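Some notes on the structure that comes next.
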Amino acid sequence: MPVRVVDTATPSSQPSPGQETNSVHPSPPSCSLLSAGRCFAGTQNVSSLQKDEAWKVNVRIHGCDLEQGYLCGTMEALNVPLADTPVLTFWEGEIVDAKNYTFFTGKWEASPEDDIRHWSKFPSFTPLLSQVETDGGKSLDLSNYPHIFMRWKEQYFVNVGVDCGLTIAGFYYVCFSCSDGSISGFYYDPSSRMTWEQIH
């Protein structure tokens, strides 16, 4: 099966929609737990009107550039009900740092209201809420904040076809703890019938 080759060492220097070019903000926190080669294991819980499911997931960071607010990696879903094999996807991420990206997504059919609703599911976001409601968090200094907020967008299936029983049409709102390296996330897909999907 052909696999698209992606050069992850040099992300595009052109700002995309929702991306900020303002350079007055300090760099995001340096966190050794969020770096290329790091692996994380956890569970993905899916809840819909018809059923609740859970399966194990493994996440691997393949590239991370804090200055550009970029990272990429793979996510492996194990024991997916309709798949005969573990499902591996490649994803690219945006680090919310008020320099490259704000808390407002500005694409993928996510409105500012959708953003606020999903970010608010993370307790560590609560102290930032009022400023994010005002300007998307553009004026926040997140350089010493103990959590890193990100969006992860799966780009393609690596080892299976699109009929594997999973969708990659949406994206994840992700919160990473710099103190213990834990990750939690919520999936957003406006066309999905899933009421919520969470990784932790």
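Numbering starts fresh at 1 for the residues of each chain in the structure tokens, the chains themselves are lettered A, B, ... in the order given, and ligands are numbered from 1 as they appear.
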
List the spatial neighbours of Cys175 in chain A as a list in words - criterion: any atom at most 7 Å away, only C-alpha atoms, same-chain residues fewer than 3 positions off excluded.
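After dropping sequence-adjacent residues, the list is His147, Ile148, Phe149, Met150, Ile183, Ser184 and Gly185 of chain A.
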
Go through A:Phe176, A:Phe157, A:Gly93, A:Ala110 one by one, measure the shortest atom-to-atom distance of each to Ala77 in chain A using only C-alpha atoms, and give the residue with the smallest value.
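Smallest separation from Ala77 in chain A among the options: A:Phe157.
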
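The residue that comes closest to Ser111 in chain A, out of A:Tyr145, A:Tyr188, A:Tyr70, A:Tyr156 and on the basis of only C-alpha atoms, is A:Tyr188.
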
Pick the closest to Asp141 in chain A from A:Lys99, A:Lys153, A:His118, A:Lys107: which is it, counting only C-alpha atoms?
A:Lys99

For the structure I just gave you, how does DSSP split range 107-168 of chain A - specifically, which residues are alpha helix (DSSP H)? Reply as a list in words.
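Secondary structure check on range 107-168 of chain A, alpha helix (DSSP H): Pro112, Glu113, Asp114, Asp115, Ile116, Arg117, His118, Trp119, Leu129, Ser130, Gln131, Val132, Glu133, Thr134 and Asp135 of chain A.
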
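Among A:Pro146, A:Phe122, A:Asn159, A:Leu129, the residue with the shortest atom-to-atom distance to Tyr173 in chain A, counting only C-alpha atoms, is A:Phe122.
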
Excluding Leu78 in chain A and residues on its chain fewer than 5 positions from it, collect all residues at most 9 Å away from it, counting only C-alpha atoms, and give them as a short mmCIF file (atom, residue, chain, number, x, y, z; two decimals) with N, CA and C atoms, in the first residue's frame.
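Contents of selection08.cif, freshly written:
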data_model
loop_
_atom_site.label_atom_id
_atom_site.label_comp_id
_atom_site.auth_asym_id
_atom_site.auth_seq_id
_atom_site.Cartn_x
_atom_site.Cartn_y
_atom_site.Cartn_z
N TRP A 55 -11.05 1.47 23.49
CA TRP A 55 -9.94 0.65 23.01
C TRP A 55 -8.63 1.31 23.40
N LYS A 56 -7.58 0.51 23.40
CA LYS A 56 -6.26 1.01 23.76
C LYS A 56 -5.67 1.80 22.60
N VAL A 57 -4.91 2.84 22.94
CA VAL A 57 -4.21 3.62 21.92
C VAL A 57 -2.76 3.83 22.34
N ASN A 58 -1.89 3.85 21.34
CA ASN A 58 -0.49 4.20 21.53
C ASN A 58 -0.19 5.40 20.66
N ALA A 83 -12.18 -3.52 12.93
CA ALA A 83 -10.89 -3.67 12.25
C ALA A 83 -10.25 -5.01 12.60
N THR A 85 -7.04 -5.55 12.29
CA THR A 85 -5.66 -5.27 12.69
C THR A 85 -5.63 -3.93 13.42
N PRO A 86 -4.60 -3.65 14.21
CA PRO A 86 -4.49 -2.31 14.79
C PRO A 86 -4.50 -1.25 13.68
N VAL A 87 -5.12 -0.12 13.97
CA VAL A 87 -5.26 0.95 12.98
C VAL A 87 -4.25 2.05 13.31
N LEU A 88 -3.36 2.33 12.35
CA LEU A 88 -2.31 3.33 12.54
C LEU A 88 -2.60 4.54 11.67
#

With distances taken over only C-alpha atoms, which of A:Cys178, A:Val46, A:Leu33, A:Ala169 is nearest to Ser124 in chain A?
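Among the listed residues, the smallest separation from Ser124 in chain A belongs to A:Cys178.
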
For a quick check of understanding, using only C-alpha atoms, which of A:Ile95, A:Val59, A:Val174, A:Leu82 has the smallest distance to Leu142 in chain A?
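Selected residue with least distance to Leu142 in chain A: A:Ile95.
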